[in-house]
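Structure first, then comments.
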Amino acid sequence: MRNRLKTLIPPPVYLLSFAALMWLMHRYVPLYYWLDMPWRYAGPALILLAGLSDLWSLSLFLKLHTTPNPMRPGAATHLVTTGLYRYSRNPMYLGMLLMLIGWWIWLGSLTPILLLPVFIYALVKMQIEPEEEALEAHFGDRYRDYKSSVRRWL
């Protein structure tokens with residue numbers, strides 16, 4: 001059953017679910033407020049920058065006329081290795097992580113950060129590793145070479 005769940009949940013659902021869980025932790029178990037205004041405005045700024053980087057990364061897929069659908073990685077017709085993909089194999093997932101970090105900064109309490117490692121683990125196991133397997137099967141040595149020269153996150 002676990003294999004059937006891989007790539008079944010769209011990554012934005014993970015993002016929104018973890019953002020909601022972070023808010024719940026902030027609301028009900030804040031433990032410590034570490035950041036006050038106006039410093040918390042750095043959070044929305046980071047969210048905006050991460051969103052723009054995600055849009056740029058998405059545009060690279062559209063430019064090559066290949067699918068950006070993370071639920072069907074084997075349907076890709078081109079391997080995207082330009083733009084932010086020169087530095088990270090998963091810049092859109094990195095953008096999602098940065099959005100959650102921005103959300104944590106905006107919330108201003110310490111406890112929501114505890115969910116970030118869980119988010120990373122869930123995304124790696126349920127999305128990134130299955131995508132890598134599909135891309136390796138589809139693009140072969142070309143993807144393996146890319147994988148060996150570009151890191152998963154940064």
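Order determines the names: the first chain of the structure tokens is A, the second B, and so forth; residues in each chain are numbered 1 upward, and ligands are numbered 1 upward as they are shown.
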
Neighbour list for A:Ala42 as a PDB file with N, CA and C atoms, in the first residue's frame, cut-off 12 Å, only C-alpha atoms, skip fewer than 3 positions in-chain:
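Written output follows (part19.pdb):
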ATOM      1  N   LEU A  35      10.580  35.919  17.578  1.00  0.00           N
ATOM      2  CA  LEU A  35      10.731  37.015  16.641  1.00  0.00           C
ATOM      3  C   LEU A  35       9.540  37.968  16.744  1.00  0.00           C
ATOM      4  N   ASP A  36       9.833  39.248  16.823  1.00  0.00           N
ATOM      5  CA  ASP A  36       8.797  40.277  16.915  1.00  0.00           C
ATOM      6  C   ASP A  36       8.756  41.088  15.622  1.00  0.00           C
ATOM      7  N   MET A  37       7.716  41.898  15.520  1.00  0.00           N
ATOM      8  CA  MET A  37       7.616  42.830  14.399  1.00  0.00           C
ATOM      9  C   MET A  37       8.685  43.892  14.582  1.00  0.00           C
ATOM     10  N   PRO A  38       9.223  44.460  13.569  1.00  0.00           N
ATOM     11  CA  PRO A  38       8.928  44.268  12.150  1.00  0.00           C
ATOM     12  C   PRO A  38       9.715  43.134  11.515  1.00  0.00           C
ATOM     13  N   TRP A  39      10.531  42.425  12.278  1.00  0.00           N
ATOM     14  CA  TRP A  39      11.380  41.371  11.726  1.00  0.00           C
ATOM     15  C   TRP A  39      10.578  40.238  11.092  1.00  0.00           C
ATOM     16  N   ALA A  45       8.334  38.092   2.713  1.00  0.00           N
ATOM     17  CA  ALA A  45       9.304  38.384   1.654  1.00  0.00           C
ATOM     18  C   ALA A  45       9.944  37.086   1.151  1.00  0.00           C
ATOM     19  N   LEU A  46      10.293  36.198   2.075  1.00  0.00           N
ATOM     20  CA  LEU A  46      10.878  34.912   1.687  1.00  0.00           C
ATOM     21  C   LEU A  46       9.853  34.062   0.930  1.00  0.00           C
ATOM     22  N   ILE A  47       8.612  34.078   1.373  1.00  0.00           N
ATOM     23  CA  ILE A  47       7.551  33.341   0.674  1.00  0.00           C
ATOM     24  C   ILE A  47       7.412  33.844  -0.759  1.00  0.00           C
ATOM     25  N   LEU A  48       7.437  35.162  -0.938  1.00  0.00           N
ATOM     26  CA  LEU A  48       7.323  35.747  -2.268  1.00  0.00           C
ATOM     27  C   LEU A  48       8.500  35.340  -3.152  1.00  0.00           C
ATOM     28  N   LEU A  49       9.710  35.442  -2.631  1.00  0.00           N
ATOM     29  CA  LEU A  49      10.894  35.056  -3.416  1.00  0.00           C
ATOM     30  C   LEU A  49      10.853  33.576  -3.793  1.00  0.00           C
ATOM     31  N   LEU A  98      11.312  26.701   1.446  1.00  0.00           N
ATOM     32  CA  LEU A  98      11.560  28.104   1.795  1.00  0.00           C
ATOM     33  C   LEU A  98      10.262  28.836   2.117  1.00  0.00           C
ATOM     34  N   MET A  99       9.175  28.468   1.442  1.00  0.00           N
ATOM     35  CA  MET A  99       7.875  29.059   1.790  1.00  0.00           C
ATOM     36  C   MET A  99       7.488  28.701   3.211  1.00  0.00           C
ATOM     37  N   ILE A 101       9.551  27.946   5.625  1.00  0.00           N
ATOM     38  CA  ILE A 101      10.454  28.696   6.513  1.00  0.00           C
ATOM     39  C   ILE A 101       9.955  30.132   6.642  1.00  0.00           C
ATOM     40  N   GLY A 102       9.524  30.715   5.528  1.00  0.00           N
ATOM     41  CA  GLY A 102       8.950  32.060   5.571  1.00  0.00           C
ATOM     42  C   GLY A 102       7.699  32.111   6.431  1.00  0.00           C
ATOM     43  N   TRP A 103       6.869  31.089   6.341  1.00  0.00           N
ATOM     44  CA  TRP A 103       5.657  30.990   7.161  1.00  0.00           C
ATOM     45  C   TRP A 103       6.032  30.915   8.637  1.00  0.00           C
ATOM     46  N   TRP A 104       7.055  30.120   8.938  1.00  0.00           N
ATOM     47  CA  TRP A 104       7.533  29.995  10.320  1.00  0.00           C
ATOM     48  C   TRP A 104       8.012  31.355  10.842  1.00  0.00           C
ATOM     49  N   ILE A 105       8.764  32.073  10.019  1.00  0.00           N
ATOM     50  CA  ILE A 105       9.231  33.406  10.426  1.00  0.00           C
ATOM     51  C   ILE A 105       8.037  34.325  10.680  1.00  0.00           C
ATOM     52  N   TRP A 106       7.054  34.294   9.800  1.00  0.00           N
ATOM     53  CA  TRP A 106       5.874  35.149   9.958  1.00  0.00           C
ATOM     54  C   TRP A 106       5.121  34.807  11.239  1.00  0.00           C
ATOM     55  N   LEU A 107       5.005  33.506  11.536  1.00  0.00           N
ATOM     56  CA  LEU A 107       4.294  33.106  12.757  1.00  0.00           C
ATOM     57  C   LEU A 107       5.020  33.629  13.992  1.00  0.00           C
ATOM     58  N   GLY A 108       6.349  33.553  13.997  1.00  0.00           N
ATOM     59  CA  GLY A 108       7.130  34.142  15.066  1.00  0.00           C
ATOM     60  C   GLY A 108       7.332  33.291  16.306  1.00  0.00           C
TER      61      GLY A 108
END

- prompt: Tell me, which residues of stretch 23-133 of chain A carry DSSP alpha helix (DSSP H), written as a PyMOL selection string?
  reply: chain A and resi 23-28+42-63+91-107+116-123+129-133

Surrounding residues of stretch 128-131 of chain A excluding itself and chain neighbours under 3 positions, 7 Å, only C-alpha atoms, as an mmCIF file with N, CA and C atoms, in the first residue's frame:
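Dumped everything to selection_37.cif:
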data_model
loop_
_atom_site.group_PDB
_atom_site.id
_atom_site.type_symbol
_atom_site.label_atom_id
_atom_site.label_comp_id
_atom_site.auth_asym_id
_atom_site.auth_seq_id
_atom_site.Cartn_x
_atom_site.Cartn_y
_atom_site.Cartn_z
ATOM 1 N N LYS A 6 2.870 6.699 -3.148
ATOM 2 C CA LYS A 6 3.945 7.537 -3.673
ATOM 3 C C LYS A 6 3.468 8.256 -4.929
ATOM 4 N N THR A 7 3.764 9.514 -5.012
ATOM 5 C CA THR A 7 3.383 10.458 -6.070
ATOM 6 C C THR A 7 1.872 10.565 -6.260
ATOM 7 N N PRO A 73 6.045 11.639 -13.386
ATOM 8 C CA PRO A 73 7.384 12.009 -13.844
ATOM 9 C C PRO A 73 7.834 11.230 -15.079
ATOM 10 N N LEU A 123 8.427 14.557 1.834
ATOM 11 C CA LEU A 123 8.598 14.906 0.432
ATOM 12 C C LEU A 123 9.634 14.015 -0.250
ATOM 13 N N VAL A 124 10.730 13.733 0.445
ATOM 14 C CA VAL A 124 11.759 12.870 -0.136
ATOM 15 C C VAL A 124 11.213 11.469 -0.362
ATOM 16 N N LYS A 125 10.576 10.900 0.639
ATOM 17 C CA LYS A 125 10.108 9.510 0.538
ATOM 18 C C LYS A 125 8.909 9.345 -0.387
ATOM 19 N N ALA A 134 11.699 7.143 -11.555
ATOM 20 C CA ALA A 134 11.018 7.240 -12.850
ATOM 21 C C ALA A 134 11.890 7.964 -13.875
ATOM 22 N N LEU A 135 12.549 9.031 -13.463
ATOM 23 C CA LEU A 135 13.393 9.777 -14.391
ATOM 24 C C LEU A 135 14.618 8.964 -14.799
#

query: From the list A:Leu116, A:Met25, A:Leu16, A:Val80, which residue is nearest A:Tyr146 when using only C-alpha atoms?
result: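 Distance minimum relative to A:Tyr146 lands on A:Val80.
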
field: Minimum-distance residue to A:Tyr28, chosen among A:Pro112, A:Pro117, A:Arg89, A:Arg152 (using only C-alpha atoms)
entry: A:Pro112

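Computed from the coordinates, the atom CA of A:Gly51 to atom CA of A:Met92 distance equals 8.6 Å.
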
message: One decimal, in Å: what's the spacing between atom CA of A:Ser109 and atom CA of A:Tyr33?
response: 4.1 Å

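In terms of minimum interatomic distance to A:Gly43, A:Leu100 ranks closest within A:Ser17, A:Pro12, A:Glu132, A:Leu100, counting only C-alpha atoms.
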
Find the residues near A:Tyr87: any atom within 10 Å, counting only C-alpha atoms, skip ones fewer than 6 places away on the same chain, and give them as a tab-separated table (two decimals) with C-alpha atoms, in the first residue's frame.
chain	number	residue	atom	x	y	z
A	81	THR	CA	18.80	21.09	-16.41
A	149	SER	CA	26.63	16.37	-10.80
A	150	VAL	CA	23.72	18.28	-9.19
A	151	ARG	CA	22.67	17.93	-5.57
A	152	ARG	CA	19.14	17.00	-4.54
A	153	TRP	CA	18.47	20.17	-2.55
A	154	LEU	CA	21.42	22.59	-2.78

field: Spatial neighbours of A:Phe139, max dist 10 Å, only C-alpha atoms, sep filter under 6 positions, as a PyMOL selection string
entry: chain A and resi 74+76-79

I need the residues from that last selection saved to file as a JSON list (two decimals), in the first residue's frame (with C-alpha atoms), if you can.
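Result written to result.json:
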[["chain", "number", "residue", "atom", "x", "y", "z"],
["A", 74, "GLY", "CA", 7.70, 9.24, -16.43],
["A", 76, "ALA", "CA", 8.43, 13.92, -19.19],
["A", 77, "THR", "CA", 9.73, 14.41, -22.73],
["A", 78, "HIS", "CA", 12.76, 16.53, -21.78],
["A", 79, "LEU", "CA", 15.13, 16.65, -18.85]]

task: Select, from A:Ala137, A:Leu115, A:Leu64, A:Leu84, the residue with the minimum atom-to-atom distance to A:Leu52, counting only C-alpha atoms.
output: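 Of A:Ala137, A:Leu115, A:Leu64, A:Leu84, the one nearest A:Leu52 is A:Leu84, counting only C-alpha atoms.
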
Pick from A:Tyr85, A:Leu31, A:Tyr14, A:His138 nearest to A:Phe61, counting only C-alpha atoms: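 So, comparing all the options, the nearest one is A:Tyr85.
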